[in-house]
Each structure stands twice: as structure tokens, then as C-alpha cells.
Amino acid sequence: MGKSKSKSSRKRAPNRLEHLNTVPDVVEVLVELPSFNNNRCGGNANAGDVADEVDVERTLELRCVSTDTLVDVRVMLSELPDTCHFTNYSLKHAVRGDRLKRDLEVVSLKPNVVSIVEEKYSEAAARAQVQRFIDLFTCTNHVGPVAKKKPKPSNSWLSDSTDKQKLSSLTPSKIKNAGTKSGGMWEEPLLEEFYSYFSFGNLASTVKGVDVLESQDKGCFLELKITVTNTSTGEDVLHVLAGKEGFCLKGKQEGTHKTLVELMRESSEAFGSKYSDLMKGFKGRNQFGNPPLGLRCNTWAVPPSLSAEPEKRTLLPVESETYSGNIGGILSDRERNWHSEFVQDASMPGHSPAERVARDHKVFLLHSHFVDTAITTACQSAESRKGETVNARNLNITTESEKSQLSSDCGGSSKVTNEERLKTSELALIKGLLADENTIARDVDALAKVQIHFNGLDIKVEANRDAPESEPWTLEQEPALKDNSALNVHGLRVFCHSNAESTRKAPSSAELNEILAGAVFEDELTPPKLRWEIVFSWIQYLKNPPSEGPGCLPVKYGLNRRLLLGGGKEGRLGSKEGETELKEKLGEADWTQLAKLNIGLHRKTIVQLMAECNRYYAEIALPRIIHDFRSLELSPIDGQTLTDFMHSRGINMRHIGRLAILSKSLMHIHALCIQEMVVRAAKRIFRIIMSKCSNMSDKAAALAGSLNALLGAEGSQGGTELWDWIHKFVKKRFDFELSTRARSEIRHVALLRDLCQRVGIEVTSRSYDFSSKSPFISGDLVAVVPVCKHIQFTSADGRQLLEQAKAALDKGKLDEAVTTSTSALSKMCAVCGSHSHATANAFSLLAVVLYHTGDFLQAAIYQQKALAVNEREYGLDHPDTIKSYGDLAVFFYRLQHTELALHYVSRALYLLHLTCGADHPNTAATYINVAMMEESQDNVHVALRYLQEALHCNQKLLGPDHVQTAASYHAIAIALSLMDPPLYTLSVQHEQTTLDILESKLGPEDLRTQDAAAWLEYFDLKAVEAQEAKENGNGGGALACNIASKGHLPLKDLLSFLGEKGEGGEQERTRVRTPDSTLYSLSSSETSHSEHESDVEEEMELEEVEEADEREESKAEAPAVSLAVESKVETVSKTWVSHDEAEGEWQTVEDPRRRKNNSKGNKQRNTRENGRENGREKQENKKAGNGGKQRIKQKDNNRERGRVEVEDRNTNTAFRGSTSGGAVMRGGSTSRAVSVGSNSTRTRMRGSFTDVVLGNQIVEEVSALQPSAQAFYPVRRKESFNINAAEFFPRYISLNSPE
């Protein structure tokens, strides 16, 4: 016998990935705070106002998650009013007494009790305490006043009627034109209110100023001069000394305190009372903490303190050097051989997930350090290096002025010879053919490169290949592991004005006129280069063609359908010459891998591959992205997210004109394409102006004059000439003819925002009068900031897991989605850390998945983490930040914190109005969320007003026959049934429209169609009962209304509600007529019918039965979740929605329950028709369906765990972290790209139709409904592809062969 090893002799190597499948859970951590005795508080009663009672040791309970470390615990403590003033402390275990490391996971504490131990101060720690002390009052004196509370819209078509009897006389024809008046929800956003969300200006600021002085006392680090406002004496000035033991008043060293707040509360009664009011204000606004602390100016609109006159200008505390503030970033004083370490990390093995995690972690740390060092080094003294290439810190920095002449042939591909372009395209083709999870990590040239546009300079930074050899840094030496703060490139700003006189300089248009006079338009433009992402997308398409939309193939071709894309038999087979050429280009091993894909590309020449890739580009890629826009699979809200979506799929921005033509039926996409073309044209002019003007005040005057010409009213100086040039430029470069009304139809604030982000300009956050000829003055231009482009590196395996999680969520497999999304989060944390932008996307997706499972609390915890990172890394108005606000609003709403939910959703709505305006599906979805929250507070008229606006918005954008239009009708039908008295007649009319649209779009067999039929039956019966009650003089409509408000809930909950409100007979009668009850009965009987059919065709149906059982099992594990309209404490259903993190939109998801076949749909339809004649027939159907009682019970148990609201649809934004490696904006716009060829969540509604709400317009004649969208993509050609056929290549695609 062979020798076998005993178990004891085997020592398994530790697996750093074995925790990846651990499902997250909430972990409660108790934190014991320092006790406050009389010696520390001086016996002052004010010391216990916010803290608890004096002489009592306090304990806080924190709700963490299992992935948190003690770093996260410290962050949470810094956001709670009770502990936000602590900065210099360590944590020790309350039982064992040992000091705990910062990176210790909370699950390792056991028991989960820690204590705060205040440490002795160093000078740096003392300055950090001063910074936090000043930061506590930033929200009262740095960000402006609190926004005025606007009246809620109330002019719905029901609010004007005081006579309840008149309400029932309303008809769809009267409703059709309702809601066209402004109700206060979509006015032009006031830019002056940008920072009002963070403001507590209504509370008197207790600290007027803090001056930091050098201490003359021995043993003290600092001397502080603190000015405190006092209502009786005006001002009190206190001199404070900072030493090792803490802070004390000058001359009173015996009264030392560990924090400035404790000292000031003891020393000043005025401070104590006002500080208590501020902390109460924090708690009143958000009982979960999260006060506005640590604000950074990281967006294009600056706060009032920064836009004041130069003599009064005040930086935010975290950025001010006076208080030891900084711009963040991963920086170090040591020099590093960047190129050598990139090469070394790229050579690390990456065959297994564990190897890739180890390698990607090192690459991420190195790349983060490189990018931050490159940006800060290049921007410092950049003006003095103009026209030179210098070496600094082992970086080659080339600084040049921006091009001084306007030209239509511009950009990175301009002035490139045809041979160079073809060579670059060939390299991109090969890279795309071989792309896998190791591609970006091994692309040293792309990783070690940063491009910066700053103050009229074009700066290129690359790692020096000839740097002296040095020892590679170990993980312990990586600065990213010690300081994970994000670099705020706005902190590198150069102010435009140095004195008050400079701000009053008149705007100038002389520079603009000079630039326009020298503009040229070339006859021939340099064609764009091939992007490797389009090749990768093409390969993924050939491997797995879509089942619908452009490029889909009939199912009858089976697995061989992919071979049809190779251009017929001859194209599929290729040639021996092609095989030889490709082997030479790729190498034997890589060629073999390509051949194993079995897609027919391994025997084709480079020219053939480029030709077929171009064909895919023209006929499939462009129409496909339009299809995804149409289905809301992609939903960009600004120019940067649109650019990211296009680049991630390999589509060059030169073809955005073609995209605008194809998207004419999608008004919001068409308008966004036009806006992006205008921005790309205008940024050329603004960069030249910044390059020509050397004096900063002259530069501000020239920029103000150009903004007046671009955004001012007709007749503004230089406006006509500028817009004439924009029209010509767009026509020449993008092949698109702008409308003569483009200037008046453009969204001014959105255009200003995009332009500032692309050019690198900070402006004053005030409301501009765009109806005037000169809305801007020189003083409005505050500063210029860098705009940086570089790769955003993340974990490729983490991105893949995120895609798998989204796919599982789409199929309703919630257990699998939770496990996979948790694994993705763990990998992102292992590679990028817990406070990076990539991890924030994983947090956000996991929050959505957990929310679908009904775990609202844990979902809110994760989403709060994502929001904190998004605000810090991306900016206060980035699409990901907006999405986080919207998600949190929904989560808190489901946690019964409606006021807090309205606070968050109002911020999301304000930012949506700022970025994309009212005419956008994301805005319409947010309107519906607001409506749900308003209904829960009994503001039914306000809710109806929002629903009306969402209806009109979606009708205008998506058409009257869209599935979401039907969902909107259903939402209003439910809302009408909640009126007092219930308007069941109108509910019937709206639900009938819903049913007709769904039958035409989805077919009668779809579950949503069947559910709409059940609801229509329910409303029909209730309308008859209401009429009978009216005729009999009975006023018994209250219970019916309450039942309607619960009708979307699971059957078990409905019966429980009826058991509380009604008698037994009435209970049984109402149970039969509840839509969910009817639906489940039919589902049960139809299941039996399906089993009978499977017996007849057992062999043919075996695979379908197995798939159906798998779906049923996954559904049993995956509880349903739906958006609710809360009436007081209870809920009314609205929508199933999934957040597609990869694409950044808010969208509905596929039903987890299996679809019924055609025979089931016919049976359901017949049942509905018979039910209208005799409602009692449903009772018989229920009895007939008792055979499926066990399955119904299982469904009820699953659905009982929670339901999902209409969550904010991406605002858009996408799951960041690109396999494409495309350049992304940073500083002005920090978007990420979507994974190329990813399987994104489809736009579908999930669950029964009672769980649906998104909307469109009400139409008067249902029979007149016609599809409004025209065909916007070319039909797939049936003939074999011939690479020499010119008709396959539209004129916007240029195909050049080396011959």
C-alpha cells in the first residue's frame, strides 16, 4: 500500500481568500467613552448637555458590518455628535485591556466592547485637534445660509376640487392635460443653494475665529486666540495653550482638558449653550449621525467662504495650511523607480484568483502612489517649465502650452500620419484579441502615464525608464496603507484674483474675437484610431450574441449562430496566409488560445479582422448602445458619464454626431449628445484663452467674456460669432447639423457644469441670470484647477464578480447575488482597500442586493459608506454621489424614517435638476420616490402631483407605449384608490390602460400582464361595491380604501390585516377579491396544468422543467422586494427596481418567478373576462387551486421578507473600474468606465405587476396607442459579408489598408 499522510501531518497554507464567501452581517460594537468627572468639567452643568450626565461613564452602541475594521469604527465615532470632537485617542479592548491595531476587523474582537483611551499630544496631534474644532463650525459660517423651504406642489387635478362628489366625475380626458403647470418640483435649480444642504446657518455661530500663534511658554506647542460670540458682551476672547497633556487657558495650567470642546464648554457659558444647540441640530437632521464635517471643495462651484473678496477669502479647515490641512493624496518624500516596479509587478504570476489578488494589490498601491505623485509634482511650478521636458522624482514631465489656433482637426489623433495610425490600430487590435483579466495589470505603458490640462498648459507625465536602480518598496513601506485619503486636485488651484480691484475688472471679448478670426477648417480630418475596447467587445459579442436588440440572431441557429458573423463560409474558414500572419503577430501560444474560442478569427489577416471589426462597429455597436439607452440599461446624466459609456464599448467620441442622429426618438439622449458636442467645441476656445493670457486677472476677464458669449442671451458681445463657429465645428468634426434653436434650447447650468469640469474652472456658487446678455463678471471666476486623465486600476476579478452578482440579481437568485456581491466586495477591499472608489461601487451594489433581501438596515449602512467615499473621491455632485443620495432615501424610507428619506431625496432631486434637468428618466423615477414618501405622510395631493409630472416626463421621453408607462398608470390607479372616498372608477380606467399596454408589449402570458388583470378585476369589483353602497346609503368605503392600500402585500399580510378590521364573512369575501390572492390561485392551478403538459411531452420538456424547478428553488430562497407607498405606517406597492452598478442607471429587473406559457396566458385572460361578468367565479378558481397550496405558502413566506421601492436609477452612473483601461477624467470629473462586453442587467420589471411603478402619459383613447419610437438602428444584413463591399462602411467609418 502507498504511504498516506495523516491529517495531523498536513499543514494547510493560509488562504487569504477563504473569507470571500462569508455573508455579511451586522455587528454591534459597544464603545466606552471617557468618563467626565468634576475635575475635567469644572462642575459646569453645560458639560452634560450633549454628553450624558457628569460623573457617569457613557457607552455608545455602533452598528458595524462584518467587513469593518477599527478604522471604520473611528470614522463612525468622528460622525457622531457625542464623539465628533475626539481626535487624539486609541482603542483598547474593554475586557482584555490590550491596545488594538487600527486594521483589526470588528469580528475579531469577541466580546465586541472597546474603550476610548485619550493619548498625550504631539504638535501634529494638537494641530489636528484645532482643525477638528474649527471644522465643527464650518456648517454655520463657511457654506452660506440654509435654503428657504419651498412650498410643496399641490396643483394636481384633484387638489382644486373641494366637493368630493365631483371627484368621481373626472375622466382620463380631463386628466390628460393636467400637471402642465409648474408645481415647484422642477424649476431651474438655484446654484446659490448648492451648499445649503450642509448648512446650519440658522444657528448662531459660536466661534467667530481661531488664530494659531507660536507659543512662548515652555512645554507648549501652540497658543490659540479663540474669539467667541456672546449675546451680552458681544465677543469673548480666550487665550488657550496646547501642550502634551491637552489644552488649558493661558495662566490656568491646572485646568487641562483633553479636547478644546471640553475646555470651551467649561470656560464659556455662551459657547456651551450654542454648542449644545448645534449638536442637537445635527441629531435633529440625521439621527444616524453623519454631520457635515470634513467638507472639501472638490467640485466646480465653490462655497461662499472661498468666493469672497481675496482679503476675506477663507479656505475650508481640512484644506487650510493654517490648521495643518492638506489636499490629501498618497504622497511620500522618498524617491521611487516607478518604471522598474511597474515592470516587476506586471511579471508577477496571475494564473489563479489568489495570485491575481496579490499582484493587483501591489499594482494598485504602486499606481495610486504614482498618480498622486505625478499630479502634485507636475502642477507645482508648472509655469516655469513651459516648453521643457524635465526629470523630477524619476518622472519625465513634458510641459507645453495649449494649441494656440482653433482647428477642426484636433485632439490626440490630429497630425498623425496614416502609417502611424494604422500601426497603432494594429496594436490595439492585437491587444483586444488577447484581452483578459491580466491585460490592464500588465500594460506598463498605460499605467505609468498621466495627462494634465492645467491653466493653459498641456502636461504629460511618464515614468522615467532610465531612472537609477533602487530596491523595490515592500508592502510595509507603501504610503497608501498608512494614509488612504483621496487626492483633492482642487486643492492645487491657482486663484484668479489677488485683490478686490481685480474682481471688478470688466469682462473682455477681445481674446475671443482674435481666436475666432484665426480659426481654420481642414478639408480632411485625421481618422480616429481603433480602440482596443471595441475589439474586446466584438469578441464577447461573437462568443455570446444577445438574444434581443441589434445584432441578435434567431435561436434556430443554435450554438453555430456565431459562425454566421464571420462573413459566410469563405469568411469563416479564412486562409493559410491569414493563419501564418496572425501566428507571427500573436505568437504560437496566444494564437492557439484564439483558435480555441472557435469563432473563426484565427485564420484571418489583420486587414480582414479590422474590416470585420469596423463592420461590427457600424452595424452593431452603435445601434446596440442606442438600444441600451432606449431600454434604460444605460442612463447617462451628463457628458462625462456618456463619454465613459462610449469609451468602455470602444466607441470613439468622434462618432457622437452619429449617436445623436440615431437617438432622435430619445429626447434626453439626443439633448445630451448635442450638449456634449457643444462642450467639446467650446473647451477648445477656453483652453486657448487660458494659454494666451499670462496675467490671472486678465485671464478671468477673458473667460467671463467668453462665458457671456456662450451662455448669455441673444445679442451678447461675441455670442453670434461664437455660436456660428460652434455650428461649423460640430458639422465638420462630428458630422452633425446643429439646430438653429440649439443656443436657446441648451440647458445653461448643465452646460456650465460640464464646461467647468472639462476646462478646469471654479466659479462662484450663485444664481446666474442667463436671460441677460452678461450673466458673468470677472469676480465669478474664482480659480483654475487641474484636469487629469489616467487609467483607473481596480481588481479585474472583483469586477467580474460584480457582473455575476448583477446577473444573479436579474434572475432573482438573491442568495447567489448576496454571496457573489460579498465576494466582490472582499476582493475589492483586498486589492483597493475599504476607502477607494472601486470599493464604494461594491458597497453600493451589495447594499442594493441586501435591500432586495429585505435587510434595509444593513443596506443603509453599506450605502452610507459608499456615499462618504463618493463625496470625497468623486465630488459633491458626481452621478455616483447623486445615486447614493437617492438609494439612501429609499433605504431610510423603508426603515420608517420618512423625514430623513425626504431630506436625502430632496438633495438627489436638486442635483439631478442641476446635471440633467427635469426631462430625464432618472428625474422621473425620483419624482415617484418622492410621491411614495409624501403618500406615507398623508399628502396624497402632493404625491399625485409628482406622479403626474413623472407621467408626462416619461411619455415625452419614452413614448406612450413603453412598459414603464404602464407602470405609471398602475401607480396612479393605486393612488386613486387611496383617496377619500376611493376613486375606483378612475382606478379601473387607468388599470385598463395598463393592461392593454402590457398585453401588446409583453403578451398575455407574462406575469406582469396577469397581475394587471387581477388588479383590474379587483378595482372593478370595488367600483361596483362602492356604487352599491352609495345607492343603499351605506358609507362603508373606509375598509375598502384600506384594503386597497394593502393590496400589493403578500396574501398572508392581507389576511392578517382583514382579520383585524373585518368580520369572518367579510374576510373570506375580500380574500377572494384581492389581486394577489387571485394571482396565486391561478398560478397554482396553472402549475398543475404545466405538469400535465410535461407528462405529454416529457422528453422534449425535460430541460425546461429542470430550469423551472431551479427558478422555483432560487425564488424560494430569494424573497420578493417592492416599492411601497406608505400610508402612515403601512405600505402600498409601486415598483421593483434594480441598480445596475456596471451601467449606473436605476432600472427594473427580471421577474424571479418563471414565466407562464401561452396556454397559461390564454387561461388567465379567459379567467379575467369571465370574472368581469361574475366576480364569484374567482372563489371557485381559488378552491380549484388548493392543490398548489404549499407552493403559494412558500411564495408568501418569501415575499414576506420585504419589498423594494423605486430606487434612483443612475443617476447615473456606472459601475466604475474599467477593464478597458480608457483614460478617465479626474479633478473636474472623476468617472470610471464600464466593463467592456459586460452582461448588464436588463430593463425589466420584477415580480408581480403590483410591484411596478414608473411612468408615462395618460392617453384618452387606449385603442389609439401606437409605438412612438421609430427604428433607430440598421437591420442586420442577410447576405454574406464581403470585406470589399463599401456599403458596409458608413462615411463616418474610415477603413484604410496598408496597401
# chains A, B, ... in the order shown; residues from 1 in each chain; ligands from 1
>>> residues_around(residues="Lys101 in chain A", least_positions_apart="4", cutoff="12 Å", atoms="only C-alpha atoms", output="list in words")
Thr69, Leu70, Val71, Val73, Arg74, Ser90, Leu91, Lys92, His93, Glu105, Val106, Ser108, Leu109 and Val114 of chain A
>>> write_last_selection(atoms="C-alpha atoms", output="PDB file, in the first residue's frame")
ATOM      1  CA  THR A  69     -12.167  47.328  10.782  1.00  0.00           C
ATOM      2  CA  LEU A  70     -11.346  49.633  13.662  1.00  0.00           C
ATOM      3  CA  VAL A  71     -10.586  52.314  11.068  1.00  0.00           C
ATOM      4  CA  VAL A  73     -15.123  52.410  13.910  1.00  0.00           C
ATOM      5  CA  ARG A  74     -13.018  55.565  14.231  1.00  0.00           C
ATOM      6  CA  SER A  90      -6.534  54.893  20.763  1.00  0.00           C
ATOM      7  CA  LEU A  91      -8.890  51.968  21.210  1.00  0.00           C
ATOM      8  CA  LYS A  92      -8.313  49.197  23.706  1.00  0.00           C
ATOM      9  CA  HIS A  93     -10.282  46.063  24.385  1.00  0.00           C
ATOM     10  CA  GLU A 105     -11.560  43.528  11.990  1.00  0.00           C
ATOM     11  CA  VAL A 106     -14.501  44.035  14.324  1.00  0.00           C
ATOM     12  CA  SER A 108     -12.229  39.516  15.778  1.00  0.00           C
ATOM     13  CA  LEU A 109     -12.995  41.482  18.958  1.00  0.00           C
ATOM     14  CA  VAL A 114     -13.815  48.664  23.190  1.00  0.00           C
TER      15      VAL A 114
END
>>> residues_around(residues="range 289-305 of chain A", least_positions_apart="3", cutoff="6 Å", atoms="only C-alpha atoms", output="VMD selection string")
chain A and resid 79 to 80 142 to 144 198 282 286 308 313 to 314 490 762 to 765 875
>>> write_last_selection(atoms="N, CA and C atoms", output="short mmCIF file (atom, residue, chain, number, x, y, z; two decimals), in the first residue's frame")
data_model
loop_
_atom_site.label_atom_id
_atom_site.label_comp_id
_atom_site.auth_asym_id
_atom_site.auth_seq_id
_atom_site.Cartn_x
_atom_site.Cartn_y
_atom_site.Cartn_z
N GLU A 79 -18.28 60.86 13.29
CA GLU A 79 -19.51 61.36 12.68
C GLU A 79 -20.68 61.38 13.65
N LEU A 80 -20.43 61.10 14.92
CA LEU A 80 -21.48 61.13 15.93
C LEU A 80 -21.34 62.38 16.78
N HIS A 142 -19.27 78.92 6.94
CA HIS A 142 -18.45 78.81 5.73
C HIS A 142 -19.24 78.45 4.48
N VAL A 143 -20.41 77.86 4.62
CA VAL A 143 -21.12 77.31 3.45
C VAL A 143 -22.39 78.08 3.12
N GLY A 144 -22.59 79.23 3.70
CA GLY A 144 -23.73 80.04 3.35
C GLY A 144 -24.97 79.71 4.15
N PHE A 198 -25.60 71.40 3.38
CA PHE A 198 -24.68 71.20 4.50
C PHE A 198 -24.76 72.31 5.54
N PHE A 282 -27.57 68.72 14.66
CA PHE A 282 -27.04 67.55 13.96
C PHE A 282 -27.94 66.34 14.15
N ASN A 286 -30.29 64.36 11.25
CA ASN A 286 -29.96 62.97 10.92
C ASN A 286 -29.63 62.24 12.21
N ALA A 308 -15.39 84.74 -1.67
CA ALA A 308 -15.43 86.11 -1.15
C ALA A 308 -14.25 86.91 -1.70
N ARG A 313 -11.13 85.97 1.93
CA ARG A 313 -11.23 84.58 1.48
C ARG A 313 -10.78 83.64 2.60
N THR A 314 -11.55 82.56 2.80
CA THR A 314 -11.25 81.59 3.85
C THR A 314 -11.34 80.19 3.28
N HIS A 490 -8.51 69.87 -6.61
CA HIS A 490 -8.96 71.25 -6.48
C HIS A 490 -8.11 72.00 -5.46
N GLU A 762 -13.20 76.99 -11.57
CA GLU A 762 -14.08 77.08 -10.41
C GLU A 762 -14.80 78.42 -10.46
N VAL A 763 -16.11 78.38 -10.28
CA VAL A 763 -16.93 79.59 -10.33
C VAL A 763 -17.67 79.76 -9.01
N THR A 764 -18.17 80.96 -8.82
CA THR A 764 -18.93 81.27 -7.62
C THR A 764 -20.26 80.54 -7.64
N SER A 765 -20.66 80.01 -6.50
CA SER A 765 -21.95 79.32 -6.41
C SER A 765 -23.05 80.34 -6.14
N GLY A 875 -16.71 63.91 -5.88
CA GLY A 875 -17.21 65.27 -5.82
C GLY A 875 -18.63 65.30 -5.31
#
>>> closest_residue(among="A:Lys731, A:Arg336, A:Lys150, A:Lys505", to="Thr474 in chain A", atoms="only C-alpha atoms")
A:Arg336
>>> residues_around(residues="Ala808 in chain A", least_positions_apart="5", cutoff="9 Å", atoms="only C-alpha atoms", output="list of chain:residue names")
A:Glu803, A:Lys813, A:Leu814, A:Asp815, A:Glu816, A:Ala817, A:Val818, A:Thr820
>>> decode(residues="range 412-450 of chain A", atoms="N, CA and C atoms", output="PDB file, in the first residue's frame")
ATOM      1  N   GLY A 412      -6.029  64.064 -29.717  1.00  0.00           N
ATOM      2  CA  GLY A 412      -4.825  63.252 -29.661  1.00  0.00           C
ATOM      3  C   GLY A 412      -4.447  62.615 -30.981  1.00  0.00           C
ATOM      4  N   SER A 413      -5.432  62.429 -31.897  1.00  0.00           N
ATOM      5  CA  SER A 413      -5.132  61.765 -33.166  1.00  0.00           C
ATOM      6  C   SER A 413      -4.789  62.733 -34.280  1.00  0.00           C
ATOM      7  N   SER A 414      -4.786  64.038 -34.004  1.00  0.00           N
ATOM      8  CA  SER A 414      -4.512  65.017 -35.055  1.00  0.00           C
ATOM      9  C   SER A 414      -3.044  64.985 -35.447  1.00  0.00           C
ATOM     10  N   LYS A 415      -2.796  65.329 -36.712  1.00  0.00           N
ATOM     11  CA  LYS A 415      -1.442  65.420 -37.253  1.00  0.00           C
ATOM     12  C   LYS A 415      -0.681  64.100 -37.158  1.00  0.00           C
ATOM     13  N   VAL A 416      -1.387  62.990 -37.156  1.00  0.00           N
ATOM     14  CA  VAL A 416      -0.749  61.677 -37.120  1.00  0.00           C
ATOM     15  C   VAL A 416      -0.787  61.103 -38.529  1.00  0.00           C
ATOM     16  N   THR A 417       0.351  60.597 -39.003  1.00  0.00           N
ATOM     17  CA  THR A 417       0.390  60.036 -40.348  1.00  0.00           C
ATOM     18  C   THR A 417      -0.444  58.770 -40.430  1.00  0.00           C
ATOM     19  N   ASN A 418      -0.821  58.418 -41.639  1.00  0.00           N
ATOM     20  CA  ASN A 418      -1.654  57.247 -41.831  1.00  0.00           C
ATOM     21  C   ASN A 418      -0.926  55.980 -41.404  1.00  0.00           C
ATOM     22  N   GLU A 419       0.383  55.914 -41.655  1.00  0.00           N
ATOM     23  CA  GLU A 419       1.147  54.732 -41.254  1.00  0.00           C
ATOM     24  C   GLU A 419       1.189  54.592 -39.734  1.00  0.00           C
ATOM     25  N   GLU A 420       1.383  55.707 -39.033  1.00  0.00           N
ATOM     26  CA  GLU A 420       1.405  55.655 -37.568  1.00  0.00           C
ATOM     27  C   GLU A 420       0.050  55.256 -37.008  1.00  0.00           C
ATOM     28  N   ARG A 421      -0.998  55.777 -37.624  1.00  0.00           N
ATOM     29  CA  ARG A 421      -2.347  55.445 -37.141  1.00  0.00           C
ATOM     30  C   ARG A 421      -2.650  53.976 -37.360  1.00  0.00           C
ATOM     31  N   LEU A 422      -2.280  53.434 -38.531  1.00  0.00           N
ATOM     32  CA  LEU A 422      -2.532  52.026 -38.801  1.00  0.00           C
ATOM     33  C   LEU A 422      -1.722  51.124 -37.880  1.00  0.00           C
ATOM     34  N   LYS A 423      -0.498  51.544 -37.586  1.00  0.00           N
ATOM     35  CA  LYS A 423       0.324  50.755 -36.670  1.00  0.00           C
ATOM     36  C   LYS A 423      -0.286  50.746 -35.277  1.00  0.00           C
ATOM     37  N   THR A 424      -0.748  51.915 -34.829  1.00  0.00           N
ATOM     38  CA  THR A 424      -1.387  51.985 -33.515  1.00  0.00           C
ATOM     39  C   THR A 424      -2.674  51.158 -33.490  1.00  0.00           C
ATOM     40  N   SER A 425      -3.441  51.218 -34.571  1.00  0.00           N
ATOM     41  CA  SER A 425      -4.678  50.442 -34.639  1.00  0.00           C
ATOM     42  C   SER A 425      -4.401  48.950 -34.652  1.00  0.00           C
ATOM     43  N   GLU A 426      -3.313  48.552 -35.310  1.00  0.00           N
ATOM     44  CA  GLU A 426      -2.951  47.137 -35.325  1.00  0.00           C
ATOM     45  C   GLU A 426      -2.584  46.647 -33.930  1.00  0.00           C
ATOM     46  N   LEU A 427      -1.844  47.452 -33.186  1.00  0.00           N
ATOM     47  CA  LEU A 427      -1.511  47.088 -31.802  1.00  0.00           C
ATOM     48  C   LEU A 427      -2.772  47.000 -30.943  1.00  0.00           C
ATOM     49  N   ALA A 428      -3.713  47.931 -31.172  1.00  0.00           N
ATOM     50  CA  ALA A 428      -4.971  47.883 -30.419  1.00  0.00           C
ATOM     51  C   ALA A 428      -5.776  46.637 -30.786  1.00  0.00           C
ATOM     52  N   LEU A 429      -5.752  46.258 -32.060  1.00  0.00           N
ATOM     53  CA  LEU A 429      -6.457  45.045 -32.486  1.00  0.00           C
ATOM     54  C   LEU A 429      -5.896  43.819 -31.787  1.00  0.00           C
ATOM     55  N   ILE A 430      -4.581  43.698 -31.756  1.00  0.00           N
ATOM     56  CA  ILE A 430      -3.956  42.541 -31.102  1.00  0.00           C
ATOM     57  C   ILE A 430      -4.239  42.551 -29.605  1.00  0.00           C
ATOM     58  N   LYS A 431      -4.179  43.730 -29.003  1.00  0.00           N
ATOM     59  CA  LYS A 431      -4.463  43.825 -27.567  1.00  0.00           C
ATOM     60  C   LYS A 431      -5.897  43.407 -27.268  1.00  0.00           C
ATOM     61  N   GLY A 432      -6.834  43.815 -28.109  1.00  0.00           N
ATOM     62  CA  GLY A 432      -8.232  43.449 -27.896  1.00  0.00           C
ATOM     63  C   GLY A 432      -8.481  41.978 -28.095  1.00  0.00           C
ATOM     64  N   LEU A 433      -7.786  41.373 -29.065  1.00  0.00           N
ATOM     65  CA  LEU A 433      -7.954  39.933 -29.310  1.00  0.00           C
ATOM     66  C   LEU A 433      -7.479  39.100 -28.129  1.00  0.00           C
ATOM     67  N   LEU A 434      -6.470  39.572 -27.433  1.00  0.00           N
ATOM     68  CA  LEU A 434      -5.862  38.798 -26.346  1.00  0.00           C
ATOM     69  C   LEU A 434      -6.281  39.282 -24.966  1.00  0.00           C
ATOM     70  N   ALA A 435      -7.218  40.226 -24.904  1.00  0.00           N
ATOM     71  CA  ALA A 435      -7.567  40.832 -23.618  1.00  0.00           C
ATOM     72  C   ALA A 435      -8.166  39.808 -22.659  1.00  0.00           C
ATOM     73  N   ASP A 436      -7.723  39.855 -21.397  1.00  0.00           N
ATOM     74  CA  ASP A 436      -8.268  39.023 -20.339  1.00  0.00           C
ATOM     75  C   ASP A 436      -8.115  39.777 -19.019  1.00  0.00           C
ATOM     76  N   GLU A 437      -8.235  39.063 -17.898  1.00  0.00           N
ATOM     77  CA  GLU A 437      -8.187  39.726 -16.596  1.00  0.00           C
ATOM     78  C   GLU A 437      -6.791  40.238 -16.234  1.00  0.00           C
ATOM     79  N   ASN A 438      -5.779  39.897 -17.020  1.00  0.00           N
ATOM     80  CA  ASN A 438      -4.415  40.362 -16.752  1.00  0.00           C
ATOM     81  C   ASN A 438      -3.997  41.537 -17.636  1.00  0.00           C
ATOM     82  N   THR A 439      -4.858  41.956 -18.542  1.00  0.00           N
ATOM     83  CA  THR A 439      -4.456  42.923 -19.567  1.00  0.00           C
ATOM     84  C   THR A 439      -4.008  44.252 -18.970  1.00  0.00           C
ATOM     85  N   ILE A 440      -4.816  44.832 -18.102  1.00  0.00           N
ATOM     86  CA  ILE A 440      -4.503  46.160 -17.572  1.00  0.00           C
ATOM     87  C   ILE A 440      -3.303  46.089 -16.631  1.00  0.00           C
ATOM     88  N   ALA A 441      -3.246  45.079 -15.792  1.00  0.00           N
ATOM     89  CA  ALA A 441      -2.147  44.986 -14.829  1.00  0.00           C
ATOM     90  C   ALA A 441      -0.799  44.853 -15.515  1.00  0.00           C
ATOM     91  N   ARG A 442      -0.778  44.348 -16.744  1.00  0.00           N
ATOM     92  CA  ARG A 442       0.483  44.147 -17.449  1.00  0.00           C
ATOM     93  C   ARG A 442       0.747  45.209 -18.509  1.00  0.00           C
ATOM     94  N   ASP A 443      -0.128  46.193 -18.594  1.00  0.00           N
ATOM     95  CA  ASP A 443       0.061  47.287 -19.552  1.00  0.00           C
ATOM     96  C   ASP A 443       0.862  48.399 -18.872  1.00  0.00           C
ATOM     97  N   VAL A 444       2.173  48.241 -18.833  1.00  0.00           N
ATOM     98  CA  VAL A 444       3.031  49.170 -18.105  1.00  0.00           C
ATOM     99  C   VAL A 444       2.966  50.565 -18.708  1.00  0.00           C
ATOM    100  N   ASP A 445       2.963  50.659 -20.029  1.00  0.00           N
ATOM    101  CA  ASP A 445       2.969  51.968 -20.679  1.00  0.00           C
ATOM    102  C   ASP A 445       1.728  52.776 -20.319  1.00  0.00           C
ATOM    103  N   ALA A 446       0.585  52.114 -20.248  1.00  0.00           N
ATOM    104  CA  ALA A 446      -0.654  52.835 -19.925  1.00  0.00           C
ATOM    105  C   ALA A 446      -0.724  53.193 -18.445  1.00  0.00           C
ATOM    106  N   LEU A 447      -0.254  52.294 -17.583  1.00  0.00           N
ATOM    107  CA  LEU A 447      -0.315  52.554 -16.144  1.00  0.00           C
ATOM    108  C   LEU A 447       0.613  53.693 -15.738  1.00  0.00           C
ATOM    109  N   ALA A 448       1.769  53.773 -16.371  1.00  0.00           N
ATOM    110  CA  ALA A 448       2.784  54.744 -15.959  1.00  0.00           C
ATOM    111  C   ALA A 448       2.676  56.022 -16.789  1.00  0.00           C
ATOM    112  N   LYS A 449       1.443  56.526 -16.971  1.00  0.00           N
ATOM    113  CA  LYS A 449       1.245  57.719 -17.784  1.00  0.00           C
ATOM    114  C   LYS A 449       0.076  58.526 -17.232  1.00  0.00           C
ATOM    115  N   VAL A 450       0.245  59.833 -17.167  1.00  0.00           N
ATOM    116  CA  VAL A 450      -0.804  60.754 -16.728  1.00  0.00           C
ATOM    117  C   VAL A 450      -0.757  61.973 -17.638  1.00  0.00           C
TER     118      VAL A 450
END
